[in-house]
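Structure data follow from final.cif (mmCIF, C-alpha atoms):
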```cif
data_upload
#
loop_
_atom_site.group_PDB
_atom_site.id
_atom_site.type_symbol
_atom_site.label_atom_id
_atom_site.label_comp_id
_atom_site.auth_asym_id
_atom_site.auth_seq_id
_atom_site.Cartn_x
_atom_site.Cartn_y
_atom_site.Cartn_z
ATOM 1 C CA MET R 26 107.458 110.131 -21.095
ATOM 2 C CA ASN R 27 105.829 106.831 -21.944
ATOM 3 C CA ASP R 28 102.017 106.739 -21.589
ATOM 4 C CA ALA R 29 102.393 103.519 -19.586
ATOM 5 C CA ASN R 30 103.464 105.655 -16.648
ATOM 6 C CA ALA R 31 99.863 106.831 -16.251
ATOM 7 C CA ILE R 32 98.488 103.308 -15.862
ATOM 8 C CA ASP R 33 97.556 101.793 -12.508
ATOM 9 C CA VAL R 34 98.395 98.101 -11.991
ATOM 10 C CA ALA R 35 96.020 96.177 -9.740
ATOM 11 C CA GLY R 36 95.016 99.382 -7.972
ATOM 12 C CA VAL R 37 98.610 100.447 -7.258
ATOM 13 C CA PRO R 38 99.569 103.727 -8.970
ATOM 14 C CA ALA R 39 102.471 103.900 -11.377
ATOM 15 C CA SER R 40 105.377 106.182 -10.592
ATOM 16 C CA THR R 41 106.229 108.929 -13.069
ATOM 17 C CA LEU R 42 109.990 108.754 -13.438
ATOM 18 C CA ASN R 43 112.244 111.166 -15.284
ATOM 19 C CA LEU R 44 113.602 109.949 -18.599
ATOM 20 C CA ILE R 45 117.168 110.823 -19.575
ATOM 21 C CA ASP R 46 118.289 110.543 -23.187
ATOM 22 C CA LEU R 47 121.995 109.704 -23.120
ATOM 23 C CA SER R 48 122.350 110.741 -26.780
ATOM 24 C CA SER R 49 121.119 114.273 -26.077
ATOM 25 C CA SER R 50 123.512 117.177 -26.588
ATOM 26 C CA ASP R 51 121.619 119.186 -23.959
ATOM 27 C CA ILE R 52 123.756 118.088 -21.013
ATOM 28 C CA GLN R 53 122.289 120.701 -18.677
ATOM 29 C CA ARG R 54 118.804 119.282 -19.190
ATOM 30 C CA SER R 55 120.102 115.769 -18.517
ATOM 31 C CA VAL R 56 121.830 116.959 -15.332
ATOM 32 C CA SER R 57 118.670 118.744 -14.182
ATOM 33 C CA LEU R 58 116.444 115.714 -14.810
ATOM 34 C CA LEU R 59 118.868 113.352 -13.101
ATOM 35 C CA LYS R 60 119.333 115.622 -10.087
ATOM 36 C CA GLN R 61 115.595 115.967 -9.620
ATOM 37 C CA ALA R 62 115.202 112.176 -9.782
ATOM 38 C CA CYS R 63 118.049 111.565 -7.330
ATOM 39 C CA LEU R 64 116.615 114.029 -4.824
ATOM 40 C CA ASP R 65 113.159 112.466 -5.133
ATOM 41 C CA SER R 66 113.051 108.678 -5.596
ATOM 42 C CA GLY R 67 116.559 107.754 -6.714
ATOM 43 C CA PHE R 68 115.013 106.029 -9.765
ATOM 44 C CA PHE R 69 114.964 107.154 -13.411
ATOM 45 C CA TYR R 70 114.994 105.795 -16.973
ATOM 46 C CA VAL R 71 117.829 106.117 -19.494
ATOM 47 C CA ILE R 72 117.319 105.645 -23.224
ATOM 48 C CA ASN R 73 119.623 105.752 -26.286
ATOM 49 C CA HIS R 74 122.290 104.281 -24.041
ATOM 50 C CA GLY R 75 124.216 102.345 -26.676
ATOM 51 C CA VAL R 76 123.083 98.806 -25.845
ATOM 52 C CA SER R 77 121.157 97.654 -28.907
ATOM 53 C CA GLN R 78 117.657 96.214 -28.728
ATOM 54 C CA ASP R 79 118.951 93.158 -30.591
ATOM 55 C CA LEU R 80 121.517 92.464 -27.860
ATOM 56 C CA MET R 81 118.943 92.996 -25.114
ATOM 57 C CA GLU R 82 116.556 90.558 -26.790
ATOM 58 C CA GLU R 83 119.348 88.016 -27.264
ATOM 59 C CA VAL R 84 120.276 88.169 -23.572
ATOM 60 C CA PHE R 85 116.634 87.775 -22.534
ATOM 61 C CA ALA R 86 116.263 84.794 -24.894
ATOM 62 C CA GLN R 87 119.417 83.186 -23.502
ATOM 63 C CA SER R 88 118.191 83.835 -19.957
ATOM 64 C CA ARG R 89 114.905 82.080 -20.706
ATOM 65 C CA ARG R 90 116.821 79.137 -22.146
ATOM 66 C CA PHE R 91 118.857 78.782 -18.980
ATOM 67 C CA PHE R 92 115.945 79.007 -16.554
ATOM 68 C CA GLY R 93 114.016 76.559 -18.753
ATOM 69 C CA LEU R 94 116.647 73.847 -18.186
ATOM 70 C CA PRO R 95 115.865 70.924 -15.869
ATOM 71 C CA SER R 96 116.591 71.660 -12.225
ATOM 72 C CA SER R 97 119.339 69.026 -12.217
ATOM 73 C CA GLU R 98 121.239 70.943 -14.924
ATOM 74 C CA LYS R 99 120.861 74.281 -13.189
ATOM 75 C CA MET R 100 122.008 72.861 -9.861
ATOM 76 C CA LYS R 101 125.305 71.819 -11.469
ATOM 77 C CA LEU R 102 126.047 75.554 -11.599
ATOM 78 C CA LEU R 103 124.949 76.361 -8.051
ATOM 79 C CA ARG R 104 126.342 79.637 -6.719
ATOM 80 C CA ASN R 105 129.837 79.338 -5.270
ATOM 81 C CA GLU R 106 131.709 81.258 -2.566
ATOM 82 C CA LYS R 107 132.544 83.994 -5.092
ATOM 83 C CA HIS R 108 128.826 84.613 -5.687
ATOM 84 C CA ARG R 109 128.900 83.201 -9.212
ATOM 85 C CA GLY R 110 126.279 80.906 -10.646
ATOM 86 C CA TYR R 111 122.710 79.755 -10.087
ATOM 87 C CA THR R 112 120.460 80.634 -7.148
ATOM 88 C CA PRO R 113 117.234 78.622 -6.734
ATOM 89 C CA LEU R 114 113.892 79.660 -5.271
ATOM 90 C CA PHE R 115 114.063 81.037 -1.712
ATOM 91 C CA ASP R 116 117.848 81.434 -1.864
ATOM 92 C CA GLN R 117 117.507 85.078 -0.899
ATOM 93 C CA LEU R 118 115.495 86.525 1.988
ATOM 94 C CA LEU R 119 115.621 90.287 1.541
ATOM 95 C CA ASP R 120 112.922 91.311 4.028
ATOM 96 C CA PRO R 121 112.897 88.751 6.864
ATOM 97 C CA ALA R 122 110.493 90.831 8.957
ATOM 98 C CA ASN R 123 107.760 90.418 6.339
ATOM 99 C CA GLN R 124 108.671 87.338 4.280
ATOM 100 C CA ILE R 125 107.963 83.727 5.173
ATOM 101 C CA ASN R 126 110.062 81.533 2.867
ATOM 102 C CA GLY R 127 112.198 83.947 0.909
ATOM 103 C CA ASP R 128 112.074 85.427 -2.598
ATOM 104 C CA TYR R 129 109.994 83.594 -5.190
ATOM 105 C CA LYS R 130 112.631 83.943 -7.857
ATOM 106 C CA GLU R 131 115.582 82.168 -9.447
ATOM 107 C CA GLY R 132 118.772 83.973 -10.376
ATOM 108 C CA TYR R 133 122.183 83.679 -11.975
ATOM 109 C CA TYR R 134 125.228 85.739 -10.953
ATOM 110 C CA ILE R 135 127.943 86.764 -13.422
ATOM 111 C CA GLY R 136 130.837 88.859 -12.125
ATOM 112 C CA VAL R 137 134.139 90.275 -13.303
ATOM 113 C CA GLU R 138 135.939 87.448 -15.121
ATOM 114 C CA VAL R 139 139.367 87.013 -13.525
ATOM 115 C CA PRO R 140 141.443 83.802 -13.988
ATOM 116 C CA GLU R 141 142.191 81.851 -10.814
ATOM 117 C CA ASP R 142 145.952 82.379 -11.238
ATOM 118 C CA ASP R 143 145.541 86.171 -11.432
ATOM 119 C CA PRO R 144 146.395 87.910 -8.105
ATOM 120 C CA ARG R 145 143.182 89.939 -8.443
ATOM 121 C CA ALA R 146 141.200 86.711 -8.010
ATOM 122 C CA GLN R 147 142.052 86.849 -4.303
ATOM 123 C CA LYS R 148 139.829 89.910 -3.921
ATOM 124 C CA PRO R 149 136.174 89.542 -2.907
ATOM 125 C CA HIS R 150 133.808 89.323 -5.895
ATOM 126 C CA PHE R 151 136.635 88.801 -8.415
ATOM 127 C CA GLY R 152 137.402 85.421 -9.978
ATOM 128 C CA PRO R 153 136.333 83.023 -12.722
ATOM 129 C CA ASN R 154 132.644 82.754 -13.540
ATOM 130 C CA LEU R 155 130.594 79.593 -13.803
ATOM 131 C CA TRP R 156 129.430 79.114 -17.383
ATOM 132 C CA PRO R 157 126.874 76.646 -18.805
ATOM 133 C CA SER R 158 128.265 74.143 -21.268
ATOM 134 C CA GLU R 159 128.497 75.427 -24.821
ATOM 135 C CA ASP R 160 126.890 72.143 -25.891
ATOM 136 C CA ILE R 161 123.790 72.893 -23.835
ATOM 137 C CA LEU R 162 123.572 76.671 -24.306
ATOM 138 C CA PRO R 163 125.620 77.737 -27.330
ATOM 139 C CA ARG R 164 126.749 81.400 -27.465
ATOM 140 C CA TRP R 165 125.383 81.949 -23.945
ATOM 141 C CA ARG R 166 128.668 83.153 -22.470
ATOM 142 C CA GLN R 167 129.429 85.424 -25.414
ATOM 143 C CA ALA R 168 126.042 87.158 -25.128
ATOM 144 C CA MET R 169 126.411 87.718 -21.383
ATOM 145 C CA GLU R 170 129.962 89.049 -21.596
ATOM 146 C CA LYS R 171 129.055 91.424 -24.409
ATOM 147 C CA PHE R 172 126.080 92.772 -22.480
ATOM 148 C CA ALA R 173 128.099 93.202 -19.255
ATOM 149 C CA SER R 174 130.841 95.099 -21.091
ATOM 150 C CA GLN R 175 128.368 97.485 -22.687
ATOM 151 C CA ALA R 176 126.389 97.917 -19.460
ATOM 152 C CA LEU R 177 129.568 99.070 -17.708
ATOM 153 C CA ASP R 178 129.984 101.696 -20.435
ATOM 154 C CA VAL R 179 126.453 102.916 -19.641
ATOM 155 C CA VAL R 180 127.283 103.107 -15.930
ATOM 156 C CA LYS R 181 130.280 105.312 -16.721
ATOM 157 C CA VAL R 182 128.206 107.679 -18.861
ATOM 158 C CA VAL R 183 125.544 107.970 -16.151
ATOM 159 C CA ALA R 184 128.298 108.513 -13.553
ATOM 160 C CA ARG R 185 129.495 111.577 -15.453
ATOM 161 C CA ILE R 186 126.001 113.102 -15.265
ATOM 162 C CA ILE R 187 125.791 112.206 -11.561
ATOM 163 C CA ALA R 188 129.117 113.978 -10.992
ATOM 164 C CA LEU R 189 127.843 117.147 -12.641
ATOM 165 C CA ALA R 190 124.598 116.925 -10.642
ATOM 166 C CA LEU R 191 126.741 116.879 -7.482
ATOM 167 C CA ASP R 192 128.745 119.929 -8.657
ATOM 168 C CA LEU R 193 131.835 117.805 -9.263
ATOM 169 C CA GLU R 194 133.991 117.655 -12.371
ATOM 170 C CA ALA R 195 132.391 115.432 -14.995
ATOM 171 C CA ASP R 196 135.267 112.951 -14.852
ATOM 172 C CA PHE R 197 135.326 112.699 -11.032
ATOM 173 C CA PHE R 198 134.217 109.044 -10.956
ATOM 174 C CA ASP R 199 136.436 108.194 -13.956
ATOM 175 C CA LYS R 200 139.571 108.449 -11.816
ATOM 176 C CA PRO R 201 141.673 105.242 -11.748
ATOM 177 C CA GLU R 202 141.414 105.079 -7.959
ATOM 178 C CA ILE R 203 137.598 105.117 -8.150
ATOM 179 C CA PHE R 204 136.375 103.270 -11.251
ATOM 180 C CA GLY R 205 139.662 102.020 -12.668
ATOM 181 C CA ASP R 206 138.924 98.401 -11.710
ATOM 182 C CA PRO R 207 135.290 98.351 -10.573
ATOM 183 C CA ILE R 208 133.268 95.560 -8.992
ATOM 184 C CA THR R 209 130.350 94.690 -11.249
ATOM 185 C CA THR R 210 127.767 91.932 -11.042
ATOM 186 C CA MET R 211 125.231 91.027 -13.683
ATOM 187 C CA ARG R 212 122.271 89.082 -12.381
ATOM 188 C CA LEU R 213 119.701 87.275 -14.493
ATOM 189 C CA LEU R 214 116.364 86.963 -12.697
ATOM 190 C CA TYR R 215 113.328 84.775 -13.283
ATOM 191 C CA TYR R 216 110.061 85.138 -11.364
ATOM 192 C CA GLU R 217 107.698 82.204 -11.686
ATOM 193 C CA GLY R 218 104.047 82.937 -12.318
ATOM 194 C CA ARG R 219 103.009 83.295 -8.691
ATOM 195 C CA VAL R 220 100.764 86.012 -7.292
ATOM 196 C CA SER R 221 102.397 87.875 -4.410
ATOM 197 C CA ASP R 222 100.403 88.179 -1.193
ATOM 198 C CA PRO R 223 101.908 90.428 1.496
ATOM 199 C CA SER R 224 99.389 89.163 4.051
ATOM 200 C CA LYS R 225 100.979 85.730 3.668
ATOM 201 C CA GLY R 226 104.562 86.930 3.381
ATOM 202 C CA ILE R 227 104.767 86.025 -0.329
ATOM 203 C CA TYR R 228 106.833 88.384 -2.486
ATOM 204 C CA GLY R 229 108.695 88.034 -5.765
ATOM 205 C CA ALA R 230 111.493 89.903 -3.991
ATOM 206 C CA GLY R 231 111.248 91.420 -0.530
ATOM 207 C CA ALA R 232 111.705 95.113 0.169
ATOM 208 C CA HIS R 233 115.349 96.207 0.126
ATOM 209 C CA SER R 234 117.723 98.888 -1.083
ATOM 210 C CA ASP R 235 120.809 98.100 -3.154
ATOM 211 C CA PHE R 236 124.195 98.407 -1.483
ATOM 212 C CA GLY R 237 126.334 99.845 -4.225
ATOM 213 C CA PHE R 238 126.811 102.821 -6.534
ATOM 214 C CA ILE R 239 124.080 102.460 -9.153
ATOM 215 C CA THR R 240 122.071 99.589 -10.616
ATOM 216 C CA LEU R 241 120.897 99.259 -14.224
ATOM 217 C CA LEU R 242 117.781 97.169 -14.808
ATOM 218 C CA ALA R 243 116.367 95.843 -18.071
ATOM 219 C CA THR R 244 112.953 94.176 -17.835
ATOM 220 C CA ASP R 245 110.501 92.375 -20.051
ATOM 221 C CA ASP R 246 107.011 93.871 -20.457
ATOM 222 C CA VAL R 247 105.528 92.368 -17.260
ATOM 223 C CA PRO R 248 105.129 94.881 -14.392
ATOM 224 C CA GLY R 249 106.425 93.883 -10.985
ATOM 225 C CA LEU R 250 108.955 96.393 -9.648
ATOM 226 C CA GLN R 251 107.589 98.736 -6.974
ATOM 227 C CA ILE R 252 109.281 101.611 -5.150
ATOM 228 C CA CYS R 253 108.440 102.906 -1.684
ATOM 229 C CA LYS R 254 107.475 106.559 -1.436
ATOM 230 C CA ASN R 255 107.541 106.860 2.369
ATOM 231 C CA LYS R 256 109.603 104.122 4.012
ATOM 232 C CA ASP R 257 109.187 105.517 7.536
ATOM 233 C CA ALA R 258 105.394 105.795 7.384
ATOM 234 C CA LYS R 259 102.863 103.153 8.352
ATOM 235 C CA PRO R 260 101.421 101.943 6.145
ATOM 236 C CA GLN R 261 104.055 102.452 3.482
ATOM 237 C CA THR R 262 102.973 103.718 0.065
ATOM 238 C CA TRP R 263 104.200 101.802 -2.985
ATOM 239 C CA GLU R 264 104.170 102.680 -6.683
ATOM 240 C CA TYR R 265 104.862 100.527 -9.733
ATOM 241 C CA VAL R 266 107.737 101.309 -12.064
ATOM 242 C CA GLN R 267 106.391 100.590 -15.505
ATOM 243 C CA PRO R 268 108.511 98.589 -17.967
ATOM 244 C CA MET R 269 109.815 100.584 -20.921
ATOM 245 C CA ARG R 270 111.042 98.739 -23.987
ATOM 246 C CA GLY R 271 114.697 99.367 -24.747
ATOM 247 C CA ALA R 272 115.287 101.515 -21.650
ATOM 248 C CA PHE R 273 117.296 100.873 -18.521
ATOM 249 C CA ILE R 274 115.679 101.649 -15.196
ATOM 250 C CA VAL R 275 118.447 103.124 -13.035
ATOM 251 C CA ASN R 276 118.447 103.299 -9.250
ATOM 252 C CA LEU R 277 120.951 104.634 -6.748
ATOM 253 C CA GLY R 278 122.489 102.410 -4.091
ATOM 254 C CA ASP R 279 123.246 103.019 -0.414
ATOM 255 C CA MET R 280 126.891 103.719 -1.225
ATOM 256 C CA LEU R 281 126.037 106.710 -3.393
ATOM 257 C CA GLU R 282 123.531 107.960 -0.824
ATOM 258 C CA ARG R 283 126.299 107.877 1.786
ATOM 259 C CA TRP R 284 128.869 109.356 -0.595
ATOM 260 C CA SER R 285 126.520 112.306 -1.223
ATOM 261 C CA ASN R 286 125.918 112.908 2.499
ATOM 262 C CA CYS R 287 122.358 111.580 2.072
ATOM 263 C CA ILE R 288 121.495 114.318 -0.432
ATOM 264 C CA PHE R 289 120.765 111.725 -3.107
ATOM 265 C CA ARG R 290 118.420 108.874 -2.229
ATOM 266 C CA SER R 291 118.675 105.111 -2.202
ATOM 267 C CA THR R 292 115.091 103.905 -2.139
ATOM 268 C CA LEU R 293 113.402 100.752 -0.863
ATOM 269 C CA HIS R 294 112.013 98.642 -3.674
ATOM 270 C CA ARG R 295 110.458 95.193 -4.095
ATOM 271 C CA VAL R 296 108.965 92.892 -6.715
ATOM 272 C CA MET R 297 105.329 91.826 -6.652
ATOM 273 C CA GLY R 298 104.198 88.907 -8.784
ATOM 274 C CA ASN R 299 100.888 89.115 -10.642
ATOM 275 C CA GLY R 300 100.592 85.534 -11.893
ATOM 276 C CA GLN R 301 102.711 86.060 -15.008
ATOM 277 C CA GLU R 302 106.260 84.858 -15.533
ATOM 278 C CA ARG R 303 108.700 87.751 -15.436
ATOM 279 C CA TYR R 304 112.341 88.112 -16.509
ATOM 280 C CA SER R 305 114.764 90.920 -15.746
ATOM 281 C CA ILE R 306 118.489 91.634 -15.977
ATOM 282 C CA ALA R 307 120.157 93.665 -13.222
ATOM 283 C CA PHE R 308 123.654 95.128 -13.490
ATOM 284 C CA PHE R 309 125.122 96.218 -10.154
ATOM 285 C CA SER R 310 128.169 98.487 -9.991
ATOM 286 C CA GLU R 311 130.575 99.462 -7.233
ATOM 287 C CA PRO R 312 133.951 101.230 -7.423
ATOM 288 C CA ASN R 313 137.376 99.655 -6.887
ATOM 289 C CA HIS R 314 137.941 97.459 -3.845
ATOM 290 C CA ASP R 315 140.309 100.014 -2.301
ATOM 291 C CA CYS R 316 138.155 103.064 -2.977
ATOM 292 C CA VAL R 317 137.393 104.915 0.258
ATOM 293 C CA ILE R 318 133.807 106.167 0.500
ATOM 294 C CA GLU R 319 133.521 109.393 2.479
ATOM 295 C CA CYS R 320 131.455 112.522 2.192
ATOM 296 C CA LEU R 321 132.063 114.275 -1.129
ATOM 297 C CA PRO R 322 133.515 117.800 -0.786
ATOM 298 C CA THR R 323 130.585 119.393 -2.607
ATOM 299 C CA CYS R 324 128.055 117.688 -0.328
ATOM 300 C CA MET R 325 129.102 119.257 2.964
ATOM 301 C CA SER R 326 128.957 122.750 4.439
ATOM 302 C CA GLU R 327 128.663 124.457 7.803
ATOM 303 C CA GLU R 328 124.901 124.125 7.504
ATOM 304 C CA ASN R 329 125.135 120.512 6.291
ATOM 305 C CA PRO R 330 128.134 118.796 7.911
ATOM 306 C CA PRO R 331 128.910 115.151 7.089
ATOM 307 C CA LYS R 332 126.276 112.851 8.554
ATOM 308 C CA ASP R 333 127.328 110.672 11.475
ATOM 309 C CA LEU R 334 127.161 107.375 9.597
ATOM 310 C CA GLY R 335 130.266 105.851 11.115
ATOM 311 C CA ALA R 336 133.830 106.107 9.844
ATOM 312 C CA ALA R 337 134.557 106.294 6.143
ATOM 313 C CA PHE R 338 134.816 102.741 4.920
ATOM 314 C CA ASN R 339 136.988 100.920 2.454
ATOM 315 C CA ILE R 340 134.950 98.512 0.378
ATOM 316 C CA ALA R 341 137.783 95.987 0.378
ATOM 317 C CA THR R 342 136.748 95.283 3.980
ATOM 318 C CA PRO R 343 134.725 92.029 4.048
ATOM 319 C CA LEU R 344 131.020 92.777 3.948
ATOM 320 C CA VAL R 345 127.824 91.371 2.571
ATOM 321 C CA ILE R 346 126.924 93.215 -0.614
ATOM 322 C CA ARG R 347 123.167 93.264 -1.155
ATOM 323 C CA HIS R 348 122.801 92.368 -4.781
ATOM 324 C CA GLY R 349 119.052 92.562 -4.644
ATOM 325 C CA ALA R 350 116.396 91.808 -7.193
ATOM 326 C CA ASN R 351 114.334 94.074 -9.409
#
```
Turn the structure described in the file into structure tokens.
Amino acid sequence: MNDANAIDVAGVPASTLNLIDLSSSDIQRSVSLLKQACLDSGFFYVINHGVSQDLMEEVFAQSRRFFGLPSSEKMKLLRNEKHRGYTPLFDQLLDPANQINGDYKEGYYIGVEVPEDDPRAQKPHFGPNLWPSEDILPRWRQAMEKFASQALDVVKVVARIIALALDLEADFFDKPEIFGDPITTMRLLYYEGRVSDPSKGIYGAGAHSDFGFITLLATDDVPGLQICKNKDAKPQTWEYVQPMRGAFIVNLGDMLERWSNCIFRSTLHRVMGNGQERYSIAFFSEPNHDCVIECLPTCMSEENPPKDLGAAFNIATPLVIRHGAN
């Protein structure tokens, strides 16, 4: 583990998360570490994941260039009905019970690139992306598409370990009807240098859980992400997730919690600003539009029947997908 995990930030303790080396040949150790993390907080680190540090740094540099543009330029790429493009300050209100204005962050959505004349473009969250002009931000699109492609590869590797941790075949989630044509969204995030103040309803990003399967998060070296250790208690207890250079922070979404019959956890998290600018890159993943999510066969028994969470749902049904902020 990284020594940073022992450091407190502004009096808030840092969480000690399991670290999974995706290059390790000891698959049983990886499965054990992942399972423990998924039963506990639903958060863990992955390293040696195949996305180079050079590419990560290039994407962060390109992200800074975009958010550094004049507001008038960014607003030309304002998010459309397909959830592609720029989102300004306060666009998202993740915790309306505790927030006043909304999230103190800017963002940029990039989804699965599908031409308008492709029949798949009629599906929710599929379609053409909005891209900044090559004249203004050269090589921006190429960097983002390369990162998104490699991040999806990481998701698929992690999914194989998740399958084993759930006593499924390793390739369970690789099936064409599950992850043959997945929904993925990459989101660039910029937090201005504002200090969060819960007493005034000011948060970088309000408390929320992610909707989908799993989320990968790359961050700069500025702390901000916090996870809730006891969401039903009052007051809630929060811990920082320390940045780790070159690693992805991985968290489970509500969909996987439901899929696993609530054995694995999707955890509330939020972002607290400390006066420093902060950049992060989130990669959200969900299975195919027509994948039916119902209790996995290995997650039910006479002692633990499927939870009464409503009927199994098909994610092609219109819904609001919470692509949160980390």
Legend entry - Shortest interatomic distance to Trp156 of chain R - which of R:Phe68, R:Phe172, R:Phe91, R:Tyr216, counting only C-alpha atoms: R:Phe91
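If you measure from each of R:Pro149, R:Pro157, R:Gly226, R:Pro312 to Met280 of chain R using only C-alpha atoms, the closest one turns out to be R:Pro312.
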Legend entry - Protein, DNA and RNA residues within 12 Å of (139.7, 99.3, -10.7), only C-alpha atoms, as an MDAnalysis selection string: chainID R and resid 137 145 148 151 198:209 310:316 341
Inset, instruction - I would like the residues chosen by the PyMOL selection byres ((chain R and resi 173-186) around 7) on the shown file; could you give them as a list in words? - result: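 For this structure, the PyMOL selection byres ((chain R and resi 173-186) around 7) resolves to Val56, His74, Val76, Met169, Glu170, Lys171, Phe172, Ile187, Ala188, Leu189, Ala190, Ala195, Asp196, Phe198 and Met211 of chain R.
This file gives the following result for the PyMOL selection byres ((chain R and resi 292) around 10): R:Cys63, R:Asp65, R:Ser66, R:Gly67, R:Phe68, R:Ala232, R:His233, R:Ser234, R:Asp235, R:Ile252, R:Cys253, R:Lys254, R:Asn255, R:Lys256, R:Asn276, R:Leu277, R:Gly278, R:Asp279, R:Glu282, R:Phe289, R:Arg290, R:Ser291, R:Leu293, R:His294.
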Inset, instruction - Pick out the closest residue to Gln167 of chain R from this set: R:Asn43, R:Ser50, R:Gln251, R:Gln87. Count all atoms listed in the file. - result: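 The answer is R:Gln87, which sits nearest to Gln167 of chain R.
For the set R:Phe308, R:Tyr70, R:Phe85, R:Tyr111, the residue with the smallest atom-to-atom gap to Ile239 of chain R is R:Phe308, counting all atoms listed in the file.
We find atom CA of Leu58 of chain R and atom CA of Asp46 of chain R to be spaced 10.0 Å apart.
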Legend entry - Atomic separation - atom CA of Arg303 of chain R relative to atom CA of Val247 of chain R, Å: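 If I compute the distance from atom CA of Val247 of chain R to atom CA of Arg303 of chain R, I get 5.9 Å.
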Legend entry - Two-atom distance - atom CA of Asp79 of chain R, atom CA of Leu47 of chain R (Å):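 Computing the Euclidean distance for atom CA of Asp79 of chain R and atom CA of Leu47 of chain R yields 18.4 Å.
If you count all atoms listed in the file and ignore residues fewer than 2 places along the chain from segment 104-109 of chain R, what sits within 8 Å of it is Leu102, Tyr111, Thr112, Tyr133, Tyr134, Ile135, Gly136, Pro149, His150, Phe151, Gly152, Asn154 and Leu155 of chain R.
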Build an axis-aligned box that encloses every atom of segment 145-163 of chain R listed in the file, pad it by 4 Å on each side, and report its centre and edge lengths in Å to one decimal, as AutoDock Vina command-line options.
```
--center_x 133.4 --center_y 81.0 --center_z -15.1 --size_x 27.6 --size_y 25.8 --size_z 32.4
```
Inset, instruction - Would you mind telling me which residue in R:Gln301, R:Met81, R:Trp284, R:Ile45 lies nearest to Gly237 of chain R when using all atoms listed in the file? - result: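 So, comparing all the options, the nearest one is R:Trp284.
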Legend entry - Output check: residues returned by the PyMOL selection byres ((chain R and resi 259-273) around 8), as a PyMOL selection string: chain R and resi 27+29-30+33-34+37-42+70-74+77-78+81+241-258+274-275
Legend entry - Selected residue, from R:Ala62, R:Ile288, R:Ala122, R:Ile161, that lies nearest to Pro95 of chain R when counting all atoms listed in the file: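 Checking each of R:Ala62, R:Ile288, R:Ala122, R:Ile161 against Pro95 of chain R, counting all atoms listed in the file, the winner is R:Ile161.
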Can you patch up segment 53-57 of chain R, filling it in to all heavy atoms, and show the result as an mmCIF file, in the coordinates of the input?
```cif
data_model
loop_
_atom_site.group_PDB
_atom_site.id
_atom_site.type_symbol
_atom_site.label_atom_id
_atom_site.label_comp_id
_atom_site.auth_asym_id
_atom_site.auth_seq_id
_atom_site.Cartn_x
_atom_site.Cartn_y
_atom_site.Cartn_z
ATOM 1 N N GLN R 53 122.874 120.034 -19.846
ATOM 2 C CA GLN R 53 122.289 120.701 -18.677
ATOM 3 C C GLN R 53 120.894 120.165 -18.377
ATOM 4 O O GLN R 53 120.520 120.032 -17.202
ATOM 5 C CB GLN R 53 122.248 122.215 -18.902
ATOM 6 C CG GLN R 53 123.618 122.878 -18.896
ATOM 7 C CD GLN R 53 124.431 122.530 -17.661
ATOM 8 O OE1 GLN R 53 123.925 122.539 -16.533
ATOM 9 N NE2 GLN R 53 125.704 122.187 -17.854
ATOM 10 N N ARG R 54 120.132 119.868 -19.412
ATOM 11 C CA ARG R 54 118.804 119.282 -19.190
ATOM 12 C C ARG R 54 118.942 117.893 -18.570
ATOM 13 O O ARG R 54 118.202 117.539 -17.644
ATOM 14 C CB ARG R 54 118.029 119.207 -20.502
ATOM 15 C CG ARG R 54 116.688 118.474 -20.356
ATOM 16 C CD ARG R 54 115.841 118.568 -21.610
ATOM 17 N NE ARG R 54 114.695 117.668 -21.550
ATOM 18 C CZ ARG R 54 113.597 117.897 -20.828
ATOM 19 N NH1 ARG R 54 113.504 119.001 -20.106
ATOM 20 N NH2 ARG R 54 112.601 117.021 -20.834
ATOM 21 N N SER R 55 119.890 117.114 -19.069
ATOM 22 C CA SER R 55 120.102 115.769 -18.517
ATOM 23 C C SER R 55 120.496 115.848 -17.049
ATOM 24 O O SER R 55 120.011 115.071 -16.211
ATOM 25 C CB SER R 55 121.183 115.034 -19.314
ATOM 26 O OG SER R 55 120.779 114.825 -20.651
ATOM 27 N N VAL R 56 121.395 116.788 -16.729
ATOM 28 C CA VAL R 56 121.830 116.959 -15.332
ATOM 29 C C VAL R 56 120.645 117.365 -14.462
ATOM 30 O O VAL R 56 120.457 116.844 -13.349
ATOM 31 C CB VAL R 56 122.957 118.005 -15.243
ATOM 32 C CG1 VAL R 56 123.243 118.372 -13.783
ATOM 33 C CG2 VAL R 56 124.219 117.481 -15.919
ATOM 34 N N SER R 57 119.823 118.270 -14.956
ATOM 35 C CA SER R 57 118.670 118.744 -14.182
ATOM 36 C C SER R 57 117.678 117.609 -13.929
ATOM 37 O O SER R 57 117.176 117.444 -12.802
ATOM 38 C CB SER R 57 117.981 119.890 -14.935
ATOM 39 O OG SER R 57 116.809 120.303 -14.256
#
```
